[in-house]
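Participant: Just so it is clear, I am handing over upload24.csv, which has CSV, C-alpha atoms.
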chain,number,residue,atom,x,y,z
A,1,MET,CA,-124.9,46.4,54.4
A,2,LYS,CA,-121.6,44.5,54.0
A,3,GLN,CA,-118.5,46.7,53.7
A,4,ILE,CA,-116.6,46.2,50.5
A,5,THR,CA,-113.1,47.5,50.4
A,6,HIS,CA,-111.8,46.1,47.1
A,7,SER,CA,-112.8,45.9,43.5
A,8,HIS,CA,-114.7,42.7,42.4
A,9,PRO,CA,-113.6,41.3,39.0
A,10,LEU,CA,-117.1,41.6,37.6
A,11,GLU,CA,-118.0,44.9,39.3
A,12,HIS,CA,-117.4,46.9,36.1
A,13,ASP,CA,-120.1,44.9,34.3
A,14,VAL,CA,-122.8,45.7,36.8
A,15,PRO,CA,-124.1,48.9,35.1
A,16,ASP,CA,-124.4,47.1,31.7
A,17,TYR,CA,-126.1,44.1,33.4
A,18,LEU,CA,-128.7,46.3,35.1
A,19,ASN,CA,-129.3,48.2,31.9
A,20,ASP,CA,-129.7,45.0,30.0
A,21,ARG,CA,-126.8,45.9,27.7
A,22,LEU,CA,-124.6,42.8,28.1
A,23,SER,CA,-124.4,40.4,25.2
A,24,ALA,CA,-126.3,37.1,25.7
A,25,ALA,CA,-123.0,35.2,26.5
A,26,ALA,CA,-121.7,37.8,28.9
A,27,ARG,CA,-125.1,38.0,30.6
A,28,SER,CA,-125.3,34.3,31.1
A,29,GLU,CA,-121.8,34.2,32.6
A,30,PHE,CA,-122.6,37.1,34.9
A,31,GLU,CA,-125.8,35.4,36.1
A,32,LYS,CA,-124.0,32.2,36.8
A,33,ALA,CA,-121.5,34.1,38.9
A,34,LEU,CA,-124.3,35.9,40.6
A,35,GLU,CA,-125.9,32.6,41.8
A,36,THR,CA,-122.8,31.6,43.8
A,37,ASP,CA,-121.1,34.9,44.7
A,38,ALA,CA,-122.6,36.7,47.6
A,39,GLU,CA,-120.3,39.7,47.3
A,40,LEU,CA,-121.3,40.2,43.7
A,41,ARG,CA,-125.0,40.0,44.7
A,42,ASP,CA,-124.4,42.7,47.4
A,43,ILE,CA,-122.7,44.9,44.8
A,44,VAL,CA,-125.6,44.4,42.3
A,45,ASP,CA,-128.2,45.1,45.1
A,46,PHE,CA,-126.5,48.4,46.0
A,47,GLU,CA,-126.1,49.4,42.4
A,48,ARG,CA,-129.8,48.7,41.9
A,49,LYS,CA,-130.6,51.1,44.7
A,50,ILE,CA,-128.5,53.8,43.0
A,51,LYS,CA,-130.3,53.3,39.8
A,52,LYS,CA,-133.7,53.3,41.5
A,53,THR,CA,-132.7,56.6,43.3
A,54,VAL,CA,-131.5,58.2,40.1
A,55,ARG,CA,-134.8,57.3,38.5
A,56,ALA,CA,-137.0,58.3,41.4
A,57,THR,CA,-135.4,61.7,41.8
A,58,ALA,CA,-135.9,62.7,38.1
A,59,GLN,CA,-138.0,65.9,38.0
A,60,ASP,CA,-140.8,66.7,35.7
A,61,PRO,CA,-140.1,69.5,33.2
A,62,VAL,CA,-141.4,72.8,34.3
A,63,ARG,CA,-141.6,73.9,30.7
A,64,ALA,CA,-140.6,72.5,27.4
A,65,PRO,CA,-138.0,74.4,25.4
A,66,ARG,CA,-139.4,76.2,22.4
A,67,PHE,CA,-137.9,75.8,18.9
A,68,ALA,CA,-138.7,79.5,18.4
A,69,SER,CA,-136.1,80.5,21.0
A,70,LEU,CA,-133.4,78.5,19.1
A,71,GLU,CA,-134.5,80.1,15.8
A,72,ARG,CA,-134.1,83.5,17.3
A,73,ARG,CA,-130.5,82.6,18.3
A,74,LEU,CA,-129.9,81.3,14.8
A,75,GLU,CA,-131.0,84.6,13.3
A,76,GLN,CA,-129.0,86.6,15.8
A,77,THR,CA,-125.8,84.6,15.3
A,78,SER,CA,-126.0,84.8,11.5
A,79,ALA,CA,-127.0,88.5,11.6
A,80,ARG,CA,-124.2,89.3,14.0
A,81,SER,CA,-121.7,87.6,11.8
A,82,TRP,CA,-122.5,89.8,8.9
A,83,ALA,CA,-123.9,93.0,10.2
A,84,PRO,CA,-122.0,96.2,9.6
A,85,GLY,CA,-119.9,96.8,12.6
A,86,GLY,CA,-120.4,93.2,13.7
A,87,THR,CA,-117.8,90.9,15.1
A,88,TRP,CA,-116.3,90.1,11.7
A,89,LEU,CA,-115.2,93.6,10.9
A,90,LEU,CA,-112.2,94.1,13.2
A,91,PRO,CA,-110.7,90.6,12.8
A,92,THR,CA,-111.2,90.8,9.0
A,93,ALA,CA,-109.6,94.2,8.8
A,94,ALA,CA,-106.7,93.0,10.9
A,95,ALA,CA,-106.3,89.9,8.7
A,96,VAL,CA,-106.4,91.9,5.5
A,97,ALA,CA,-103.8,94.4,6.8
A,98,LEU,CA,-101.6,91.6,7.9
A,99,ALA,CA,-101.9,89.9,4.5
A,100,VAL,CA,-101.0,93.1,2.7
A,101,LEU,CA,-98.0,93.6,5.0
A,102,VAL,CA,-96.4,90.2,4.7
A,103,GLY,CA,-97.6,89.5,1.2
A,104,ILE,CA,-99.2,86.2,1.8
A,105,ASN,CA,-102.2,84.7,0.0
A,106,LEU,CA,-105.2,84.3,2.3
A,107,ASP,CA,-107.5,81.2,2.1
A,108,PHE,CA,-111.0,82.6,2.2
A,109,SER,CA,-112.7,79.2,2.3
A,110,GLY,CA,-113.5,80.0,6.0
A,111,GLY,CA,-113.3,77.9,9.1
A,112,ASP,CA,-115.5,75.0,10.2
A,113,ASP,CA,-117.3,76.9,12.8
A,114,PRO,CA,-118.1,80.6,12.2
A,115,TYR,CA,-120.3,80.8,15.3
A,116,ILE,CA,-119.4,81.5,18.9
A,117,THR,CA,-121.6,79.5,21.2
A,118,LEU,CA,-121.7,79.1,25.0
A,119,THR,CA,-120.2,75.6,24.7
A,120,ASP,CA,-116.9,76.9,23.6
A,121,GLN,CA,-114.2,77.2,26.2
A,122,PRO,CA,-114.0,80.6,27.8
A,123,VAL,CA,-113.1,83.1,25.1
A,124,SER,CA,-110.2,85.4,25.9
A,125,TYR,CA,-111.0,88.8,24.7
A,126,GLU,CA,-108.2,90.6,22.9
A,127,GLN,CA,-109.0,93.7,24.9
A,128,PRO,CA,-110.8,94.2,28.2
A,129,MET,CA,-114.6,94.3,28.1
A,130,ILE,CA,-117.2,95.4,30.6
A,131,ARG,CA,-119.4,92.8,32.2
A,132,ILE,CA,-122.6,94.1,33.8
A,133,VAL,CA,-125.1,92.1,35.9
A,134,THR,CA,-128.6,93.5,36.1
A,135,PHE,CA,-131.3,92.9,38.7
A,136,GLY,CA,-133.4,90.9,36.2
A,137,PRO,CA,-133.9,90.6,32.5
A,138,LEU,CA,-133.1,94.0,31.1
A,139,PRO,CA,-135.8,95.4,28.7
A,140,GLU,CA,-134.3,96.1,25.3
A,141,GLN,CA,-135.3,99.8,25.6
A,142,GLN,CA,-133.2,100.1,28.8
A,143,LEU,CA,-130.3,98.3,27.2
A,144,ASP,CA,-130.5,100.6,24.2
A,145,ALA,CA,-130.4,103.6,26.5
A,146,ILE,CA,-127.4,102.3,28.3
A,147,LEU,CA,-125.6,101.5,25.0
A,148,ALA,CA,-126.3,105.0,23.7
A,149,GLU,CA,-125.5,106.8,26.9
A,150,HIS,CA,-122.1,105.2,27.3
A,151,GLN,CA,-121.2,104.5,23.7
A,152,LEU,CA,-121.1,100.7,24.1
A,153,ARG,CA,-121.9,97.7,22.0
A,154,VAL,CA,-123.0,94.2,23.0
A,155,VAL,CA,-120.3,91.5,22.7
A,156,GLU,CA,-122.2,88.6,24.4
A,157,ARG,CA,-125.4,88.0,26.4
A,158,TYR,CA,-125.8,85.5,29.2
A,159,PRO,CA,-129.6,85.7,29.9
A,160,SER,CA,-129.6,83.0,32.5
A,161,VAL,CA,-127.4,85.1,34.8
A,162,ASN,CA,-128.8,88.5,33.7
A,163,SER,CA,-125.3,89.4,32.5
A,164,ILE,CA,-124.0,91.1,29.3
A,165,ASP,CA,-120.5,91.7,28.1
A,166,LEU,CA,-120.1,95.1,26.5
A,167,GLU,CA,-117.4,96.8,24.5
A,168,PRO,CA,-116.8,100.5,24.8
A,169,ILE,CA,-116.4,102.2,21.4
A,170,ASP,CA,-113.9,104.6,23.0
A,171,ARG,CA,-111.5,102.3,24.8
A,172,SER,CA,-109.8,105.0,26.8
A,173,ALA,CA,-113.2,105.7,28.5
A,174,LEU,CA,-113.4,102.2,29.9
A,175,PRO,CA,-112.6,103.0,33.6
A,176,ALA,CA,-115.0,106.0,33.6
A,177,ILE,CA,-117.8,103.9,32.0
A,178,ILE,CA,-117.3,101.1,34.6
A,179,GLU,CA,-117.6,103.7,37.4
A,180,ALA,CA,-120.7,105.3,35.8
A,181,LEU,CA,-122.3,101.9,35.3
A,182,ALA,CA,-121.5,100.8,38.9
A,183,ASN,CA,-123.6,103.8,40.1
A,184,ASP,CA,-126.4,103.2,37.6
A,185,ASP,CA,-129.6,102.1,39.2
A,186,ARG,CA,-130.4,99.7,36.3
A,187,VAL,CA,-127.1,97.9,36.9
A,188,ARG,CA,-126.4,95.7,39.9
A,189,PHE,CA,-122.7,95.1,39.2
A,190,ALA,CA,-120.1,96.2,36.6
A,191,GLN,CA,-116.6,95.1,36.2
A,192,LYS,CA,-113.7,94.8,33.7
A,193,VAL,CA,-113.3,91.3,32.3
A,194,THR,CA,-110.8,89.7,30.0
A,195,GLU,CA,-112.6,86.5,29.1
A,196,SER,CA,-116.1,85.1,28.8
A,197,PRO,CA,-117.4,83.2,31.9
B,198,MET,CA,-115.9,39.4,30.7
B,199,THR,CA,-116.4,42.0,27.9
B,200,SER,CA,-119.4,44.2,27.9
B,201,GLU,CA,-120.4,44.3,24.2
B,202,ALA,CA,-123.2,46.8,23.9
B,203,ARG,CA,-126.5,45.2,23.0
B,204,PRO,CA,-128.7,47.5,21.0
B,205,GLN,CA,-132.1,48.1,22.6
B,206,GLN,CA,-135.4,47.7,20.8
B,207,GLY,CA,-136.3,50.6,18.6
B,208,ASP,CA,-132.8,51.9,18.7
B,209,VAL,CA,-132.0,50.9,15.1
B,210,ASP,CA,-135.1,52.6,13.6
B,211,SER,CA,-134.8,55.8,15.5
B,212,ASP,CA,-131.0,56.0,14.8
B,213,CYS,CA,-131.8,55.6,11.1
B,214,VAL,CA,-134.3,58.6,11.3
B,215,ASP,CA,-131.8,60.7,13.3
B,216,ARG,CA,-129.0,60.0,10.8
B,217,THR,CA,-131.2,61.1,7.9
B,218,LEU,CA,-132.1,64.3,9.7
B,219,LEU,CA,-128.5,65.1,10.5
B,220,GLN,CA,-127.7,64.5,6.8
B,221,GLN,CA,-130.5,66.9,5.7
B,222,ILE,CA,-129.1,69.5,8.1
B,223,ALA,CA,-125.5,69.1,6.9
B,224,GLU,CA,-126.3,69.0,3.2
B,225,HIS,CA,-129.4,71.2,2.8
B,226,ARG,CA,-129.3,73.4,6.0
B,227,ASP,CA,-132.9,72.1,6.5
B,228,ARG,CA,-134.5,73.8,9.5
B,229,ARG,CA,-137.5,71.5,9.5
B,230,ALA,CA,-135.0,68.6,10.1
B,231,LEU,CA,-133.5,70.6,12.9
B,232,GLN,CA,-136.9,71.2,14.4
B,233,ARG,CA,-137.7,67.5,14.3
B,234,LEU,CA,-134.5,66.7,16.1
B,235,TYR,CA,-135.2,69.5,18.5
B,236,ASP,CA,-138.6,68.1,19.4
B,237,ALA,CA,-137.3,64.5,19.6
B,238,TYR,CA,-134.4,65.3,21.8
B,239,ALA,CA,-135.9,68.0,24.0
B,240,PRO,CA,-137.3,65.7,26.7
B,241,ARG,CA,-134.3,63.4,26.8
B,242,ILE,CA,-131.6,66.1,26.9
B,243,THR,CA,-133.4,68.6,29.1
B,244,GLY,CA,-134.2,65.7,31.5
B,245,PHE,CA,-130.5,64.9,31.6
B,246,LEU,CA,-129.5,68.6,32.1
B,247,ARG,CA,-132.2,68.9,34.8
B,248,ARG,CA,-130.3,66.3,36.8
B,249,MET,CA,-127.5,68.9,37.2
B,250,THR,CA,-129.4,72.1,37.8
B,251,SER,CA,-133.0,73.2,38.5
B,252,ASP,CA,-132.6,76.5,36.8
B,253,GLU,CA,-135.1,76.2,33.9
B,254,GLY,CA,-133.6,79.3,32.1
B,255,LEU,CA,-130.2,77.8,32.2
B,256,ILE,CA,-131.6,74.4,31.0
B,257,GLU,CA,-133.3,76.0,28.0
B,258,GLU,CA,-130.2,78.0,27.2
B,259,ALA,CA,-128.0,74.9,27.4
B,260,PHE,CA,-130.3,72.8,25.4
B,261,ASN,CA,-130.4,75.5,22.7
B,262,ASP,CA,-126.5,75.4,22.8
B,263,VAL,CA,-126.7,71.7,22.1
B,264,MET,CA,-129.0,72.1,19.2
B,265,LEU,CA,-127.0,75.1,17.8
B,266,ASN,CA,-124.0,72.9,17.8
B,267,VAL,CA,-125.9,70.1,16.1
B,268,TRP,CA,-126.9,72.7,13.4
B,269,ASN,CA,-123.3,74.0,13.0
B,270,LYS,CA,-121.5,70.6,13.2
B,271,ALA,CA,-123.9,68.2,11.6
B,272,HIS,CA,-121.4,67.8,8.7
B,273,GLN,CA,-118.8,66.5,11.2
B,274,PHE,CA,-121.0,63.5,12.1
B,275,LYS,CA,-119.3,60.6,10.4
B,276,GLY,CA,-121.7,57.8,11.4
B,277,GLN,CA,-119.2,55.9,13.5
B,278,SER,CA,-121.4,56.0,16.5
B,279,LYS,CA,-125.2,56.2,17.0
B,280,ALA,CA,-126.6,59.6,16.2
B,281,SER,CA,-127.9,59.8,19.8
B,282,SER,CA,-124.4,59.1,21.2
B,283,TRP,CA,-123.1,61.9,19.0
B,284,ILE,CA,-125.8,64.4,20.1
B,285,PHE,CA,-125.3,63.4,23.7
B,286,SER,CA,-121.5,63.9,23.4
B,287,ILE,CA,-122.4,67.5,22.6
B,288,ALA,CA,-124.8,67.6,25.5
B,289,TYR,CA,-122.2,66.2,27.8
B,290,ARG,CA,-119.8,69.0,27.0
B,291,VAL,CA,-122.5,71.6,27.3
B,292,CYS,CA,-123.5,70.1,30.6
B,293,LEU,CA,-120.0,70.5,32.0
B,294,ARG,CA,-120.0,74.1,30.8
B,295,MET,CA,-123.4,74.6,32.4
B,296,VAL,CA,-122.1,73.4,35.7
B,297,LYS,CA,-119.4,76.0,35.5
B,298,ARG,CA,-121.9,78.7,34.6
B,299,GLN,CA,-124.1,77.6,37.5
B,300,LYS,CA,-121.1,78.2,39.8
B,301,PHE,CA,-120.7,81.7,38.2
B,302,ARG,CA,-124.3,82.4,38.9
B,303,VAL,CA,-124.1,81.2,42.5
B,304,GLY,CA,-121.0,83.4,42.9
B,305,VAL,CA,-122.9,86.5,41.6
B,306,VAL,CA,-125.9,85.7,43.9
B,307,GLU,CA,-123.6,85.2,46.9
B,308,MET,CA,-121.7,88.4,46.2
B,309,PHE,CA,-124.9,90.3,46.8
B,310,GLY,CA,-126.0,88.3,49.8
B,311,ARG,CA,-129.1,87.0,48.2
B,312,GLU,CA,-130.6,83.5,48.8
B,313,ARG,CA,-128.3,80.6,47.9
B,314,ALA,CA,-129.1,78.6,44.8
B,315,GLU,CA,-131.7,75.9,45.2
B,316,THR,CA,-129.3,73.1,44.1
B,317,GLU,CA,-127.1,73.7,47.2
B,318,THR,CA,-129.8,72.7,49.6
B,319,ALA,CA,-129.4,69.1,50.8
B,320,PRO,CA,-132.3,67.0,52.1
B,321,THR,CA,-132.7,67.7,55.8
B,322,ASN,CA,-132.4,64.7,58.1
B,323,PRO,CA,-132.0,62.0,55.5
B,324,VAL,CA,-133.3,58.7,57.0
B,325,ASP,CA,-133.3,55.9,54.6
B,326,THR,CA,-130.8,54.6,52.1
B,327,SER,CA,-132.5,56.3,49.1
B,328,ASP,CA,-132.2,59.7,50.7
B,329,LEU,CA,-128.6,59.0,51.6
B,330,ILE,CA,-127.8,57.9,48.1
B,331,ALA,CA,-129.6,61.0,46.7
B,332,THR,CA,-127.5,63.2,49.0
B,333,ALA,CA,-124.3,61.3,48.0
B,334,LEU,CA,-125.1,61.8,44.3
B,335,GLU,CA,-125.2,65.5,44.8
B,336,LYS,CA,-121.8,65.5,46.4
B,337,LEU,CA,-120.1,63.7,43.5
B,338,SER,CA,-117.9,65.7,41.1
B,339,ALA,CA,-119.5,66.6,37.8
B,340,ALA,CA,-117.3,64.0,35.9
B,341,HIS,CA,-118.4,61.2,38.3
B,342,ARG,CA,-122.0,62.3,38.5
B,343,LEU,CA,-122.4,62.5,34.8
B,344,VAL,CA,-121.3,58.9,34.1
B,345,ILE,CA,-123.8,57.7,36.7
B,346,GLU,CA,-126.6,59.8,35.1
B,347,LEU,CA,-125.7,58.7,31.6
B,348,SER,CA,-125.8,55.1,32.7
B,349,TYR,CA,-128.8,55.0,35.0
B,350,PHE,CA,-130.9,57.9,33.9
B,351,ARG,CA,-130.4,57.4,30.2
B,352,ASP,CA,-129.5,53.7,30.1
B,353,PHE,CA,-126.4,54.2,27.9
B,354,SER,CA,-124.0,51.2,27.8
B,355,THR,CA,-120.4,51.6,28.9
B,356,GLU,CA,-119.3,51.6,25.3
B,357,GLU,CA,-121.7,54.4,24.4
B,358,ILE,CA,-120.7,56.5,27.4
B,359,ALA,CA,-117.1,56.2,26.3
B,360,GLN,CA,-118.1,57.5,22.9
B,361,ILE,CA,-120.1,60.3,24.5
B,362,ILE,CA,-117.3,61.4,26.8
B,363,GLY,CA,-114.6,60.7,24.3
B,364,CYS,CA,-112.5,58.5,26.4
B,365,PRO,CA,-111.6,54.8,26.7
B,366,GLN,CA,-114.2,52.4,28.2
B,367,ASN,CA,-111.8,51.7,31.0
B,368,THR,CA,-112.0,55.3,32.0
B,369,VAL,CA,-115.8,55.1,32.2
B,370,LYS,CA,-115.5,51.9,34.3
B,371,THR,CA,-113.0,53.6,36.6
B,372,ARG,CA,-115.2,56.7,37.1
B,373,MET,CA,-118.2,54.4,37.8
B,374,PHE,CA,-116.2,52.5,40.3
B,375,HIS,CA,-115.0,55.6,42.1
B,376,ALA,CA,-118.5,57.1,42.1
B,377,ARG,CA,-120.0,54.0,43.5
B,378,LYS,CA,-117.3,53.8,46.1
B,379,GLN,CA,-117.9,57.4,47.2
B,380,ILE,CA,-121.7,56.8,47.4
B,381,ARG,CA,-121.2,53.6,49.4
B,382,SER,CA,-118.7,55.1,51.7
B,383,PHE,CA,-121.1,58.1,52.4
B,384,VAL,CA,-124.1,55.9,53.0
B,385,GLU,CA,-122.1,53.6,55.4
B,386,GLN,CA,-120.7,56.6,57.3
B,387,GLN,CA,-124.2,58.1,57.7
B,388,GLU,CA,-125.7,54.8,58.7
B,389,GLN,CA,-123.0,54.2,61.3
B,390,ARG,CA,-123.5,57.7,62.6
B,391,ALA,CA,-127.3,57.1,62.9
B,392,GLN,CA,-126.7,53.8,64.7
B,393,ALA,CA,-124.4,55.5,67.2
B,394,THR,CA,-126.9,58.1,68.1
Can the structure from this file be put into structure tokens for me?
Facilitator:
Amino acid sequence: MKQITHSHPLEHDVPDYLNDRLSAAARSEFEKALETDAELRDIVDFERKIKKTVRATAQDPVRAPRFASLERRLEQTSARSWAPGGTWLLPTAAAVALAVLVGINLDFSGGDDPYITLTDQPVSYEQPMIRIVTFGPLPEQQLDAILAEHQLRVVERYPSVNSIDLEPIDRSALPAIIEALANDDRVRFAQKVTESP
Amino acid sequence: MTSEARPQQGDVDSDCVDRTLLQQIAEHRDRRALQRLYDAYAPRITGFLRRMTSDEGLIEEAFNDVMLNVWNKAHQFKGQSKASSWIFSIAYRVCLRMVKRQKFRVGVVEMFGRERAETETAPTNPVDTSDLIATALEKLSAAHRLVIELSYFRDFSTEEIAQIIGCPQNTVKTRMFHARKQIRSFVEQQEQRAQAT
């Protein structure tokens, strides 16, 4: 393989050439150059190998995602947004109190995106939360027991990493709850966090 | 030479269908339309996500994130790009987030001294150029790797990749150039090392 230490003027067009995405005129010009330019041919050859490797290493899906799993999340997010004691209650109460205090008119038309999704940037929590990591997917019954035992509620779940962020109902008990969870056989790891991962 | 994107066969028809489905979601909150998009994009997007991780749970979670965003933000699609480019622009951001989450997961696994994540294992004793290229691809940064994957795995043009990433075409070209240079440099080094032994 010939060593190339600089950029060829047509090098940037190679991907579109290989993907057959150049216009007819650009393609014809590129092919004309290809006939006479050994350096360009070398670049195209190497790029072709990259493309072939990318294609060859593509893996077959182990399982197809199921729409039902998305539907469950749709239900959860809309339920969480409106459930009593859900995530809307505290911010709304704070906003109303603020509006009363400063005497401004609130616009209740709502934002563009009422949902929190994993694609958002890490969310900074207003107050510290507790993140637990379990040994595997935690059965709902066990989670309910942990929530009841320590007076916690779920803030966010990260099933792919067997992790859940929890909020203590009594904030002053946070250090004691972390200590108790750290010694809980169902929990692998517990720590105080201030933002989502 | 300019690389005007040349539409591929079938693109126009499927884009028309996708636009209609997005409109139905935006205007009527039509879940059947969402399911059609879900089924149509599942193989393409999970295939793309699978290029960055082998964790099937994470892939399904990330794909559901993409479709949840499609559901929530369909009204923001203005039709300035192809529907597939718009959906892939969401997938691109989710993918970057997924890579971060994968690191979080690896961190948790390492903390407890369990086995390292599968994606960290490199092919042992790479012998031919394809193996070397495959290893070099894994060593690229997420930003560089993703432009290569979008181009050679999904056949997007430079112009479409710029829309997906949300940057000028020249940035895409520069990232492609640096990715290619790093791959080439790695392959040359390994080949020289092999010759020396």
Participant: Up to 7 Å from chain B, what residues of chain A turn up? Count all atoms listed in the file and give them as a PyMOL selection string.
Facilitator: chain A and resi 12-13+15-16+19+21-23+26+50-51+53-55+58+65+67+70+113+117-119+160-161+197
Participant: One decimal, in Å: what's the spacing between CA of Cys364 in chain B and CA of Val267 in chain B?
Facilitator: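 Those two atoms sit 20.5 Å apart.
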Participant: May I ask for the distance between CA of Leu152 in chain A and CA of Glu167 in chain A, given in Å to one decimal place?
Facilitator: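 For CA of Leu152 in chain A relative to CA of Glu167 in chain A, the distance reads 5.4 Å.
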Participant: Work out how far CA of Gln221 in chain B is from CA of Leu234 in chain B, in Å to one decimal.
Facilitator: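 Going from CA of Leu234 in chain B over to CA of Gln221 in chain B, I get 11.1 Å.
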Participant: Find, counting only C-alpha atoms, the residue in A:Val155, A:Ile132, A:Ala145, A:Leu34 that gets nearest to Gln191 in chain A.
Facilitator: A:Ile132
Participant: Reconstruct N, CA and C atoms of range 258-279 of chain B; output as a PDB file, keeping the file's coordinate frame.
Facilitator:
ATOM      1  N   GLU B 258    -131.331  77.421  27.830  1.00  0.00           N
ATOM      2  CA  GLU B 258    -130.200  78.000  27.200  1.00  0.00           C
ATOM      3  C   GLU B 258    -129.164  76.928  26.780  1.00  0.00           C
ATOM      4  N   ALA B 259    -128.932  76.000  27.711  1.00  0.00           N
ATOM      5  CA  ALA B 259    -128.000  74.900  27.400  1.00  0.00           C
ATOM      6  C   ALA B 259    -128.487  73.990  26.351  1.00  0.00           C
ATOM      7  N   PHE B 260    -129.788  73.684  26.386  1.00  0.00           N
ATOM      8  CA  PHE B 260    -130.300  72.800  25.400  1.00  0.00           C
ATOM      9  C   PHE B 260    -130.239  73.477  23.983  1.00  0.00           C
ATOM     10  N   ASN B 261    -130.501  74.785  23.938  1.00  0.00           N
ATOM     11  CA  ASN B 261    -130.400  75.500  22.700  1.00  0.00           C
ATOM     12  C   ASN B 261    -128.900  75.507  22.204  1.00  0.00           C
ATOM     13  N   ASP B 262    -127.972  75.552  23.171  1.00  0.00           N
ATOM     14  CA  ASP B 262    -126.500  75.400  22.800  1.00  0.00           C
ATOM     15  C   ASP B 262    -126.280  74.095  22.126  1.00  0.00           C
ATOM     16  N   VAL B 263    -126.856  73.043  22.694  1.00  0.00           N
ATOM     17  CA  VAL B 263    -126.700  71.700  22.100  1.00  0.00           C
ATOM     18  C   VAL B 263    -127.160  71.691  20.681  1.00  0.00           C
ATOM     19  N   MET B 264    -128.375  72.213  20.484  1.00  0.00           N
ATOM     20  CA  MET B 264    -129.000  72.100  19.200  1.00  0.00           C
ATOM     21  C   MET B 264    -128.302  73.084  18.158  1.00  0.00           C
ATOM     22  N   LEU B 265    -127.777  74.198  18.678  1.00  0.00           N
ATOM     23  CA  LEU B 265    -127.000  75.100  17.800  1.00  0.00           C
ATOM     24  C   LEU B 265    -125.745  74.419  17.337  1.00  0.00           C
ATOM     25  N   ASN B 266    -125.128  73.647  18.228  1.00  0.00           N
ATOM     26  CA  ASN B 266    -124.000  72.900  17.800  1.00  0.00           C
ATOM     27  C   ASN B 266    -124.307  71.785  16.826  1.00  0.00           C
ATOM     28  N   VAL B 267    -125.459  71.156  17.030  1.00  0.00           N
ATOM     29  CA  VAL B 267    -125.900  70.100  16.100  1.00  0.00           C
ATOM     30  C   VAL B 267    -126.059  70.795  14.698  1.00  0.00           C
ATOM     31  N   TRP B 268    -126.662  71.970  14.683  1.00  0.00           N
ATOM     32  CA  TRP B 268    -126.900  72.700  13.400  1.00  0.00           C
ATOM     33  C   TRP B 268    -125.539  73.053  12.754  1.00  0.00           C
ATOM     34  N   ASN B 269    -124.592  73.524  13.550  1.00  0.00           N
ATOM     35  CA  ASN B 269    -123.300  74.000  13.000  1.00  0.00           C
ATOM     36  C   ASN B 269    -122.368  72.828  12.647  1.00  0.00           C
ATOM     37  N   LYS B 270    -122.517  71.699  13.334  1.00  0.00           N
ATOM     38  CA  LYS B 270    -121.500  70.600  13.200  1.00  0.00           C
ATOM     39  C   LYS B 270    -122.062  69.343  12.608  1.00  0.00           C
ATOM     40  N   ALA B 271    -123.279  69.392  12.095  1.00  0.00           N
ATOM     41  CA  ALA B 271    -123.900  68.200  11.600  1.00  0.00           C
ATOM     42  C   ALA B 271    -122.981  67.507  10.511  1.00  0.00           C
ATOM     43  N   HIS B 272    -122.264  68.335   9.766  1.00  0.00           N
ATOM     44  CA  HIS B 272    -121.400  67.800   8.700  1.00  0.00           C
ATOM     45  C   HIS B 272    -120.218  67.008   9.297  1.00  0.00           C
ATOM     46  N   GLN B 273    -119.961  67.192  10.585  1.00  0.00           N
ATOM     47  CA  GLN B 273    -118.800  66.500  11.200  1.00  0.00           C
ATOM     48  C   GLN B 273    -119.253  65.088  11.700  1.00  0.00           C
ATOM     49  N   PHE B 274    -120.560  64.791  11.679  1.00  0.00           N
ATOM     50  CA  PHE B 274    -121.000  63.500  12.100  1.00  0.00           C
ATOM     51  C   PHE B 274    -120.664  62.453  11.035  1.00  0.00           C
ATOM     52  N   LYS B 275    -119.774  61.525  11.373  1.00  0.00           N
ATOM     53  CA  LYS B 275    -119.300  60.600  10.400  1.00  0.00           C
ATOM     54  C   LYS B 275    -120.005  59.226  10.431  1.00  0.00           C
ATOM     55  N   GLY B 276    -120.936  59.091  11.353  1.00  0.00           N
ATOM     56  CA  GLY B 276    -121.700  57.800  11.400  1.00  0.00           C
ATOM     57  C   GLY B 276    -120.972  56.713  12.105  1.00  0.00           C
ATOM     58  N   GLN B 277    -119.884  57.027  12.817  1.00  0.00           N
ATOM     59  CA  GLN B 277    -119.200  55.900  13.500  1.00  0.00           C
ATOM     60  C   GLN B 277    -119.831  55.502  14.779  1.00  0.00           C
ATOM     61  N   SER B 278    -120.657  56.370  15.320  1.00  0.00           N
ATOM     62  CA  SER B 278    -121.400  56.000  16.500  1.00  0.00           C
ATOM     63  C   SER B 278    -122.894  56.230  16.201  1.00  0.00           C
ATOM     64  N   LYS B 279    -123.762  55.891  17.164  1.00  0.00           N
ATOM     65  CA  LYS B 279    -125.200  56.200  17.000  1.00  0.00           C
ATOM     66  C   LYS B 279    -125.354  57.707  16.971  1.00  0.00           C
TER      67      LYS B 279
END
